[in-house]
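Source file: structure.cif (mmCIF, C-alpha atoms)
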data_start
loop_
_atom_site.label_atom_id
_atom_site.label_comp_id
_atom_site.auth_asym_id
_atom_site.auth_seq_id
_atom_site.Cartn_x
_atom_site.Cartn_y
_atom_site.Cartn_z
CA MET G 24 174.42 30.39 53.25
CA PRO G 25 174.20 33.18 55.82
CA ILE G 26 171.87 35.50 53.89
CA ARG G 27 169.75 36.82 56.73
CA ALA G 28 167.44 39.44 55.18
CA LEU G 29 165.06 39.33 52.23
CA TYR G 30 163.48 42.30 50.42
CA LEU G 31 160.62 41.95 47.93
CA HIS G 32 159.63 44.89 45.74
CA ILE G 33 156.06 45.59 44.66
CA PRO G 34 156.14 48.30 41.94
CA PHE G 35 152.47 49.30 42.15
CA CYS G 36 150.44 51.91 44.01
CA HIS G 37 147.07 53.57 43.53
CA ALA G 38 148.62 56.96 42.73
CA LYS G 39 152.11 58.42 42.58
CA CYS G 40 152.79 60.98 45.30
CA ALA G 41 154.11 64.38 44.28
CA TYR G 42 157.54 63.69 45.84
CA CYS G 43 158.01 60.05 44.76
CA ASP G 44 160.70 58.88 42.34
CA PHE G 45 160.55 55.20 43.38
CA ASP G 46 160.00 52.50 40.78
CA SER G 47 156.22 52.27 40.94
CA SER G 48 153.19 52.73 38.69
CA GLY G 49 149.93 54.31 39.81
CA LEU G 50 147.25 51.80 38.81
CA ARG G 51 143.70 50.95 39.80
CA GLY G 52 140.99 48.46 38.98
CA GLN G 53 141.49 46.19 36.00
CA ALA G 54 144.83 47.75 35.06
CA LEU G 55 146.24 46.91 38.50
CA CYS G 56 144.81 43.38 38.39
CA GLU G 57 146.40 42.69 35.02
CA ALA G 58 149.79 44.14 36.00
CA ALA G 59 149.87 42.23 39.30
CA SER G 60 148.78 38.99 37.60
CA ALA G 61 151.77 39.25 35.28
CA TYR G 62 154.30 40.40 37.90
CA LEU G 63 153.61 38.27 40.97
CA PRO G 64 154.14 34.83 39.38
CA GLN G 65 157.56 35.96 38.15
CA LEU G 66 158.43 37.22 41.62
CA ALA G 67 157.29 33.92 43.16
CA GLU G 68 159.29 31.91 40.61
CA ARG G 69 162.39 33.96 41.40
CA MET G 70 161.94 33.37 45.11
CA ASP G 71 161.43 29.65 44.57
CA ALA G 72 164.69 29.46 42.61
CA PHE G 73 166.65 30.83 45.56
CA GLY G 74 164.66 28.76 48.02
CA ALA G 75 165.45 25.56 46.13
CA ARG G 76 169.16 26.38 46.45
CA GLY G 77 168.93 26.79 50.21
CA ALA G 78 169.64 30.51 50.03
CA LEU G 79 166.59 31.43 52.14
CA GLU G 80 167.10 28.98 55.00
CA SER G 81 168.78 31.50 57.31
CA ILE G 82 166.46 34.44 56.60
CA GLU G 83 165.63 36.26 59.84
CA THR G 84 163.82 39.33 58.51
CA VAL G 85 161.62 39.96 55.47
CA TYR G 86 160.45 43.31 54.16
CA VAL G 87 157.85 43.72 51.39
CA GLY G 88 158.13 47.27 50.09
CA GLY G 89 157.23 49.37 47.10
CA GLY G 90 155.28 51.08 45.74
CA THR G 91 152.43 50.13 48.00
CA PRO G 92 152.20 46.38 48.66
CA SER G 93 148.81 46.72 50.36
CA VAL G 94 147.15 47.56 47.00
CA LEU G 95 147.56 43.84 46.17
CA GLY G 96 145.04 42.89 48.85
CA ALA G 97 144.68 39.10 48.86
CA GLY G 98 147.66 38.89 46.50
CA LEU G 99 149.88 40.26 49.27
CA VAL G 100 148.53 37.65 51.68
CA ARG G 101 149.39 34.88 49.22
CA LEU G 102 152.88 36.33 48.77
CA VAL G 103 153.46 36.26 52.54
CA GLU G 104 152.34 32.63 52.60
CA ARG G 105 154.71 31.83 49.72
CA VAL G 106 157.67 33.35 51.55
CA ARG G 107 156.83 31.33 54.65
CA ARG G 108 157.21 28.12 52.67
CA TRP G 109 160.94 28.78 52.42
CA CYS G 110 161.87 30.45 55.69
CA ALA G 111 160.68 31.33 59.18
CA PRO G 112 161.61 34.98 59.76
CA SER G 113 161.06 36.36 63.24
CA GLU G 114 160.29 39.79 61.73
CA PHE G 115 158.11 40.08 58.62
CA THR G 116 157.16 43.61 57.53
CA CYS G 117 154.70 44.70 54.86
CA GLU G 118 154.46 48.32 53.77
CA ALA G 119 150.96 49.74 53.46
CA ASN G 120 149.15 53.00 52.83
CA PRO G 121 146.07 53.77 54.92
CA GLU G 122 143.64 53.95 51.99
CA SER G 123 144.39 50.33 50.99
CA PHE G 124 144.67 48.82 54.47
CA ASP G 125 141.78 47.72 56.67
CA GLU G 126 141.03 45.28 59.46
CA GLY G 127 140.28 42.43 57.05
CA LEU G 128 143.66 42.73 55.32
CA ALA G 129 145.44 43.21 58.65
CA CYS G 130 143.98 40.01 60.09
CA ALA G 131 144.71 38.02 56.92
CA LEU G 132 148.33 39.20 56.86
CA ALA G 133 148.82 38.33 60.52
CA GLN G 134 147.32 34.88 59.97
CA ALA G 135 149.58 34.34 56.93
CA GLY G 136 152.70 35.10 58.96
CA ALA G 137 153.39 38.83 58.73
CA THR G 138 154.40 40.33 62.08
CA ARG G 139 154.75 44.02 61.32
CA VAL G 140 153.24 46.74 59.12
CA SER G 141 154.91 49.99 58.09
CA LEU G 142 152.22 52.58 57.38
CA GLY G 143 152.86 55.63 55.19
CA VAL G 144 151.14 58.16 57.45
CA GLN G 145 153.41 61.10 56.43
CA SER G 146 151.21 63.77 58.05
CA MET G 147 148.22 64.09 60.35
CA VAL G 148 147.12 67.32 58.66
CA ASP G 149 144.64 66.80 55.83
CA GLU G 150 145.72 69.88 53.86
CA GLU G 151 149.36 68.75 53.85
CA LEU G 152 148.39 65.26 52.71
CA ALA G 153 146.40 66.70 49.81
CA ARG G 154 149.31 68.90 48.71
CA ILE G 155 151.65 65.92 48.32
CA GLY G 156 149.09 63.74 46.57
CA ARG G 157 148.28 61.30 49.33
CA LEU G 158 144.93 59.51 49.05
CA HIS G 159 144.17 59.25 52.76
CA ASN G 160 143.37 61.73 55.50
CA ARG G 161 144.03 61.89 59.24
CA ASP G 162 141.03 59.69 60.08
CA GLY G 163 142.15 57.11 57.53
CA ALA G 164 145.62 56.97 59.07
CA LEU G 165 144.20 56.49 62.56
CA SER G 166 141.84 53.77 61.31
CA ALA G 167 144.71 51.89 59.61
CA ILE G 168 146.87 52.01 62.75
CA SER G 169 143.95 50.75 64.83
CA ALA G 170 143.28 47.91 62.36
CA ALA G 171 146.88 46.74 62.49
CA GLN G 172 146.92 46.85 66.29
CA ALA G 173 143.67 44.91 66.51
CA ALA G 174 145.24 42.17 64.38
CA GLY G 175 148.24 41.95 66.71
CA LEU G 176 150.74 43.43 64.24
CA THR G 177 153.62 45.63 65.31
CA VAL G 178 152.95 49.09 63.86
CA SER G 179 155.44 51.54 62.40
CA ALA G 180 154.30 55.00 61.25
CA ASP G 181 156.29 57.04 58.72
CA CYS G 182 156.15 60.83 59.02
CA MET G 183 157.63 63.54 56.79
CA CYS G 184 158.77 67.04 57.67
CA GLY G 185 159.43 69.95 55.36
CA LEU G 186 156.20 69.44 53.41
CA PRO G 187 154.68 72.30 51.36
CA GLY G 188 152.80 74.65 53.66
CA GLN G 189 153.99 72.88 56.80
CA THR G 190 154.56 75.01 59.90
CA ALA G 191 155.93 74.37 63.35
CA ALA G 192 152.35 74.22 64.63
CA SER G 193 151.18 71.73 61.99
CA TRP G 194 154.25 69.53 62.60
CA GLU G 195 153.28 69.52 66.27
CA ARG G 196 149.79 68.32 65.25
CA THR G 197 151.33 65.45 63.29
CA LEU G 198 153.55 64.37 66.17
CA GLU G 199 150.67 64.59 68.65
CA GLY G 200 148.36 62.68 66.31
CA VAL G 201 150.82 59.87 65.73
CA LEU G 202 151.68 59.53 69.42
CA GLY G 203 148.00 59.49 70.28
CA ALA G 204 147.61 56.36 68.13
CA HIS G 205 150.31 54.53 70.16
CA PRO G 206 152.44 52.94 67.40
CA ASP G 207 155.46 50.82 68.29
CA HIS G 208 157.87 52.53 65.89
CA VAL G 209 158.08 55.94 64.21
CA SER G 210 160.30 56.99 61.32
CA VAL G 211 160.78 60.69 60.64
CA TYR G 212 162.07 61.74 57.23
CA PRO G 213 162.82 65.19 55.85
CA LEU G 214 161.29 65.73 52.44
CA THR G 215 163.80 65.27 49.60
CA LEU G 216 163.10 67.00 46.29
CA GLU G 217 163.88 64.37 43.67
CA GLU G 218 164.57 65.62 40.16
CA GLY G 219 161.65 65.25 37.78
CA THR G 220 158.94 64.86 40.43
CA PRO G 221 155.95 67.25 40.49
CA LEU G 222 157.07 68.68 43.82
CA ALA G 223 160.58 69.39 42.50
CA ARG G 224 159.11 71.20 39.50
CA GLN G 225 156.87 73.20 41.83
CA ALA G 226 159.88 74.22 43.92
CA GLU G 227 161.73 75.34 40.79
CA ARG G 228 158.85 77.66 39.92
CA ASP G 229 158.39 78.86 43.50
CA PRO G 230 161.38 78.20 45.80
CA GLY G 231 159.34 79.33 48.80
CA ALA G 232 156.73 76.63 48.28
CA VAL G 233 158.73 74.07 50.27
CA PRO G 234 160.29 74.75 53.70
CA ASP G 235 164.06 74.98 53.78
CA GLU G 236 166.65 72.73 55.41
CA ASP G 237 166.78 74.82 58.58
CA PHE G 238 163.07 74.22 59.12
CA GLN G 239 163.55 70.51 58.48
CA ALA G 240 166.37 70.39 61.04
CA THR G 241 164.14 72.13 63.59
CA CYS G 242 161.39 69.58 62.91
CA MET G 243 163.80 66.68 63.34
CA GLU G 244 165.00 68.08 66.65
CA ARG G 245 161.43 68.59 67.84
CA ALA G 246 160.55 65.02 66.85
CA ARG G 247 163.53 63.78 68.86
CA ASP G 248 162.38 65.66 71.95
CA VAL G 249 158.70 64.69 71.69
CA LEU G 250 159.29 61.03 70.88
CA SER G 251 161.98 60.62 73.52
CA ALA G 252 159.68 62.13 76.14
CA ALA G 253 157.01 59.62 75.10
CA GLY G 254 159.30 56.65 75.75
CA PHE G 255 160.67 56.03 72.26
CA GLU G 256 164.38 55.31 71.85
CA ARG G 257 166.20 56.75 68.87
CA TYR G 258 168.25 53.95 67.34
CA GLU G 259 168.98 55.47 63.92
CA VAL G 260 169.11 59.01 62.54
CA ALA G 261 165.46 58.84 61.41
CA SER G 262 164.04 55.95 63.46
CA TYR G 263 162.52 55.67 66.93
CA ALA G 264 161.11 52.61 68.67
CA ARG G 265 159.61 51.48 71.91
CA ALA G 266 161.74 49.01 73.86
CA GLY G 267 162.20 45.80 71.87
CA ARG G 268 160.53 47.18 68.72
CA VAL G 269 163.47 48.33 66.58
CA CYS G 270 163.25 47.33 62.92
CA ARG G 271 165.79 44.52 62.67
CA HIS G 272 165.54 44.47 58.88
CA ASN G 273 166.72 48.06 58.61
CA ILE G 274 169.52 47.39 61.09
CA ALA G 275 170.65 44.58 58.78
CA TYR G 276 171.11 47.12 55.97
CA TRP G 277 173.22 49.37 58.19
CA THR G 278 175.43 46.68 59.70
CA GLY G 279 176.72 44.83 56.65
CA VAL G 280 174.40 41.82 56.84
CA SER G 281 173.95 39.98 53.54
CA TYR G 282 170.51 40.58 52.06
CA LEU G 283 168.71 39.43 48.95
CA GLY G 284 166.51 41.75 46.89
CA LEU G 285 163.88 40.23 44.59
CA GLY G 286 161.62 42.05 42.15
CA ARG G 287 162.04 44.90 39.71
CA SER G 288 164.47 47.56 41.03
CA ALA G 289 165.12 45.51 44.19
CA ALA G 290 168.67 45.78 45.51
CA GLY G 291 170.64 43.06 47.25
CA MET G 292 174.08 42.70 48.74
CA LEU G 293 176.05 39.45 49.00
CA THR G 294 179.57 38.56 50.00
CA GLY G 295 181.92 37.43 47.28
CA GLU G 296 181.60 33.85 48.51
CA GLU G 297 177.79 33.98 48.44
CA PHE G 298 177.71 35.52 44.98
CA ARG G 299 179.95 32.83 43.52
CA ALA G 300 177.62 30.15 44.90
CA LEU G 301 174.56 31.81 43.32
CA ALA G 302 176.10 33.46 40.26
CA ASP G 303 174.06 31.40 37.79
CA LEU G 304 170.89 33.02 39.19
CA PHE G 305 172.25 36.40 38.04
CA PRO G 306 173.09 35.36 34.46
CA SER G 307 173.39 38.81 32.90
CA VAL G 308 175.58 40.46 35.53
CA ALA G 309 179.04 41.26 34.21
CA LEU G 310 181.48 41.54 37.10
CA GLU G 311 185.14 41.77 36.17
CA GLY G 312 187.11 39.03 37.90
CA ALA G 313 184.01 37.55 39.53
CA ASP G 314 185.63 34.12 39.85
CA ALA G 315 188.48 35.63 41.85
CA LEU G 316 186.33 37.76 44.17
CA ALA G 317 187.61 37.86 47.73
CA ASP G 318 185.28 35.98 50.07
CA ASP G 319 184.80 39.13 52.17
CA ALA G 320 184.29 41.48 49.25
CA ARG G 321 180.76 42.77 48.75
CA VAL G 322 178.65 42.48 45.61
CA ARG G 323 175.71 44.82 45.09
CA LEU G 324 173.02 43.66 42.68
CA VAL G 325 169.94 45.46 41.34
CA GLN G 326 167.25 43.73 39.27
CA ARG G 327 166.21 45.94 36.37
CA ASP G 328 163.28 44.07 34.81
CA ASP G 329 160.28 42.01 35.84
CA ALA G 330 161.59 38.71 34.53
CA ALA G 331 164.99 38.88 36.29
CA THR G 332 167.00 38.81 33.08
CA THR G 333 168.72 42.18 33.49
CA PHE G 334 170.83 43.22 36.48
CA GLU G 335 173.33 45.85 37.50
CA GLY G 336 176.27 44.75 39.60
CA GLU G 337 178.96 46.50 41.62
CA VAL G 338 181.86 45.05 43.56
CA LEU G 339 183.16 46.62 46.76
CA SER G 340 186.64 45.60 47.81
CA PRO G 341 187.30 44.51 51.42
CA ARG G 342 188.66 48.02 52.04
CA GLU G 343 185.52 49.66 50.65
CA THR G 344 183.41 47.22 52.64
CA LEU G 345 184.99 48.28 55.93
CA ALA G 346 184.73 51.98 55.05
CA GLU G 347 181.05 51.49 54.28
CA ASP G 348 180.46 49.70 57.60
CA LEU G 349 182.07 52.61 59.45
CA MET G 350 180.02 55.15 57.49
CA LEU G 351 176.69 53.36 57.96
CA GLY G 352 177.43 52.78 61.62
CA MET G 353 177.43 56.55 62.07
CA ARG G 354 173.72 56.53 61.14
CA MET G 355 172.94 54.54 64.28
CA THR G 356 172.77 55.30 67.97
CA ALA G 357 174.90 52.18 68.47
CA GLY G 358 177.64 53.64 66.29
CA VAL G 359 180.60 51.36 65.59
CA SER G 360 182.46 49.08 67.94
CA GLU G 361 186.09 49.48 68.87
CA ALA G 362 186.62 46.03 67.37
CA LEU G 363 185.37 47.21 63.95
CA ILE G 364 187.64 50.24 64.13
CA ALA G 365 190.56 47.95 64.98
CA ARG G 366 189.82 45.81 61.91
CA ALA G 367 189.72 48.93 59.78
CA ARG G 368 193.08 50.04 61.18
CA ASP G 369 194.59 46.68 60.25
CA LEU G 370 193.29 46.72 56.67
CA ILE G 371 193.11 50.41 55.78
CA GLY G 372 195.97 51.72 57.89
CA VAL G 373 196.33 53.22 61.36
CA GLY G 374 197.04 56.74 60.16
CA GLY G 375 193.99 57.22 57.99
CA VAL G 376 191.50 55.59 60.35
CA ASP G 377 192.80 57.39 63.44
CA ALA G 378 192.75 60.73 61.59
CA ALA G 379 189.08 60.23 60.62
CA VAL G 380 188.13 59.28 64.18
CA ARG G 381 190.08 62.20 65.62
CA GLU G 382 188.43 64.70 63.28
CA ALA G 383 184.96 63.37 64.11
CA LEU G 384 185.74 63.78 67.82
CA ASP G 385 187.37 67.20 67.49
CA ARG G 386 184.46 68.60 65.49
CA GLY G 387 181.90 67.25 67.95
CA LEU G 388 180.35 64.92 65.39
CA ALA G 389 181.03 61.76 67.41
CA ARG G 390 181.97 60.65 70.92
CA TRP G 391 183.16 57.53 72.72
CA THR G 392 180.75 55.73 75.06
CA GLU G 393 180.38 52.44 76.91
CA GLU G 394 176.65 52.85 77.57
CA PRO G 395 174.31 50.03 76.48
CA LEU G 396 172.56 51.37 73.38
CA PRO G 397 169.51 50.38 71.28
CA GLY G 398 170.60 48.49 68.19
CA ALA G 399 173.96 47.48 69.67
CA ASP G 400 174.67 43.74 69.83
CA ALA G 401 176.78 43.92 72.95
CA ARG G 402 178.22 46.27 75.51
CA GLY G 403 181.64 47.75 75.05
CA ARG G 404 183.36 50.92 73.98
CA ARG G 405 181.79 52.37 70.85
CA LEU G 406 182.20 55.46 68.70
CA VAL G 407 178.74 56.97 68.35
CA PRO G 408 177.32 60.02 66.55
CA THR G 409 176.30 63.10 68.49
CA ASP G 410 173.20 65.16 67.73
CA GLU G 411 175.49 67.54 65.86
CA GLY G 412 176.86 64.61 63.88
CA TRP G 413 173.35 63.62 62.82
CA LEU G 414 172.45 67.16 61.80
CA LEU G 415 175.68 67.31 59.77
CA GLY G 416 175.36 63.71 58.65
CA ASN G 417 176.89 64.09 55.20
CA GLU G 418 180.05 65.52 56.74
CA LEU G 419 180.29 62.76 59.32
CA TYR G 420 179.58 59.98 56.83
CA GLY G 421 182.08 61.44 54.38
CA LEU G 422 184.92 61.25 56.90
CA PHE G 423 184.63 57.46 56.96
CA TRP G 424 183.63 56.76 53.37
CA ASP G 425 186.72 58.69 52.23
CA LEU G 426 188.75 55.85 53.78
CA ALA G 427 187.58 53.64 50.91
CA VAL G 428 190.08 55.31 48.60
CA GLY G 429 193.64 54.07 49.03
#
Rewrite the structure from the file as structure tokens, please.
Amino acid sequence: MPIRALYLHIPFCHAKCAYCDFDSSGLRGQALCEAASAYLPQLAERMDAFGARGALESIETVYVGGGTPSVLGAGLVRLVERVRRWCAPSEFTCEANPESFDEGLACALAQAGATRVSLGVQSMVDEELARIGRLHNRDGALSAISAAQAAGLTVSADCMCGLPGQTAASWERTLEGVLGAHPDHVSVYPLTLEEGTPLARQAERDPGAVPDEDFQATCMERARDVLSAAGFERYEVASYARAGRVCRHNIAYWTGVSYLGLGRSAAGMLTGEEFRALADLFPSVALEGADALADDARVRLVQRDDAATTFEGEVLSPRETLAEDLMLGMRMTAGVSEALIARARDLIGVGGVDAAVREALDRGLARWTEEPLPGADARGRRLVPTDEGWLLGNELYGLFWDLAVG
């Protein structure tokens, strides 16, 4: 079975950040130990069930996310070892926050088989970190990066712009601080106000408390300039990497690769053929006409409980699948190949596809290129987003997703 990416969700952290609406619980001490002791065996059992069916044999990338996996400490190390029993991924990422990540954990993870750590740095300004409820400070972030590097792990640093009280000068301090630590990969995200979070409620009371979208766009452009000048290549709208250090797991999400999600709230995506072969491992998913699914249809699955007894499922038709591949391709520097566009023309129709491409070109949201690009599998003519297309991403993505409707 050609499932090539595996995601494992850890729904625990030491404290919920003011902007976070992810499925996670802020726990410490005995409460965390008890919750993890109940959750992790069920996650391992679920993984073993797929492993015993051969579904993990072709896994190339693994990503343990959350929540904050590093709060598990030795439990995270054992989970990495358990994954390695079933597959031999060339890229194995664990998410971590600086306050729960040190040299001892870094070395143990590397010895167990992890290759990469994604650190939630977010800011290098202590006041900004405090405002969003982070538990670390600038020194803690630098120490965590250093610990990961000393253990031989590839290091990715996440940064956020548009934070409460953030200014152009403080954003510059964050970029300078991160670059000074010499990570291999940097992701830059604009703050999103999710309904029901403390930060969203604060913004409702005081709209001026959080910088606006224009400021965020300016920060994103500045990050592009600073990171590019430092030798990082932008390979996705929010992601930059040194040569050879792109996150292959994330690229799998954006290029239609089948991936398996295990754990509460974890999402996966299988082809129709793969789902039929594994359908008994998703016993509560009701998919109309599942037995007659086209092999190249796509099935999205989300686990909704700890014990893997409740799932949500969604079927994308072959037409929707191609429209999604075109849309997600516009997130990446590599864009979409002429071959993918040709397949879309055959299935969706020449008129609709060519009209979407033409509008993207006419509005300056995309361009044709034959340059070799980070994240692209091969050379050849490709339709790629422009900087304007990234700044107006929703408009660009909508042009291609609209092709899903016949």
Item checked: 7 Å contact set for Cys130 in chain G, all atoms listed in the file, chain neighbours under 4 positions out, as a PyMOL selection string -> chain G and resi 126+134+174
Do you have, as a tab-separated table, the list of residues of range 292-343 of chain G lying at most 10 Å from range 58-82 of chain G, each with its nearest atom pair and that distance in Å to one decimal, counting only C-alpha atoms and ordered by chain then number?
residue	atom	partner	partner_atom	distance
G:Glu297	CA	G:Ala78	CA	9.0
G:Ala300	CA	G:Arg76	CA	9.4
G:Leu301	CA	G:Arg76	CA	8.3
G:Leu304	CA	G:Ala72	CA	7.9
G:Asp329	CA	G:Tyr62	CA	6.5
G:Ala330	CA	G:Gln65	CA	6.1
G:Ala331	CA	G:Arg69	CA	7.6
Margin query: As a check of understanding, name the residues that the PyMOL selection byres ((chain G and resi 155) around 9) selects in the supplied structure, as a list of chain:residue names.
Written below: G:Cys40, G:Ala41, G:Tyr42, G:Glu151, G:Leu152, G:Ala153, G:Arg154, G:Gly156, G:Arg157, G:Leu186, G:Pro187, G:Leu222
Note to self: Which residues would end up in the selection if the PyMOL selection byres ((chain G and resi 302) around 12) were applied here, given that I need the answer as an MDAnalysis selection string?
What the structure shows: chainID G and resid 73 76 293:301 303:310 313:314 316 322 324 334 336
Margin query: Taking the file as I've supplied it (selection: the PyMOL selection byres ((chain G and resi 415) around 12)), which residues are included? Please answer as a PyMOL selection string.
Written below: chain G and resi 236-237+240+260+353-354+383+386-389+408-414+416-422
Next item on the list: One decimal, Å: what's the distance from CA of Gln172 in chain G over to CA of Cys184 in chain G, could you say?
Entry: 24.9 Å
Using the file's own x, y and z axes, so that the box edges lie along x, y and z, what centre and edge lengths in Å (one decimal) does a box around every listed atom of range 286-297 of chain G get when 5 Å is added on each side? Give it as lines of an AutoDock Vina configuration file.
center_x = 171.8
center_y = 40.7
center_z = 44.9
size_x = 30.3
size_y = 23.7
size_z = 20.3
Excluding range 271-286 of chain G and its own-chain neighbours fewer than 6 positions away, which residues fall within 7 Å of it when counting only C-alpha atoms? Please give them as a CSV table (one decimal) with C-alpha atoms, in the frame of the given file.
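The new file result.csv reads:
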chain,number,residue,atom,x,y,z
G,26,ILE,CA,171.9,35.5,53.9
G,27,ARG,CA,169.8,36.8,56.7
G,28,ALA,CA,167.4,39.4,55.2
G,29,LEU,CA,165.1,39.3,52.2
G,30,TYR,CA,163.5,42.3,50.4
G,31,LEU,CA,160.6,42.0,47.9
G,32,HIS,CA,159.6,44.9,45.7
G,66,LEU,CA,158.4,37.2,41.6
G,84,THR,CA,163.8,39.3,58.5
G,85,VAL,CA,161.6,40.0,55.5
G,292,MET,CA,174.1,42.7,48.7
G,293,LEU,CA,176.0,39.4,49.0
G,294,THR,CA,179.6,38.6,50.0
G,326,GLN,CA,167.2,43.7,39.3
G,329,ASP,CA,160.3,42.0,35.8
G,348,ASP,CA,180.5,49.7,57.6
G,351,LEU,CA,176.7,53.4,58.0
G,352,GLY,CA,177.4,52.8,61.6
Item checked: range 137-146 of chain G surroundings by only C-alpha atoms, 8 Å radius, close-in-sequence under 4 positions cut, as a count of residues only -> 30
Note to self: Considering all atoms listed in the file, can you say which of G:Leu426, G:Asp319, G:Arg390, G:Leu128 comes closest to Ala367 in chain G?
What the structure shows: G:Leu426
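Between CA of Ala362 in chain G and CA of Ala346 in chain G there is a distance of 13.8 Å.
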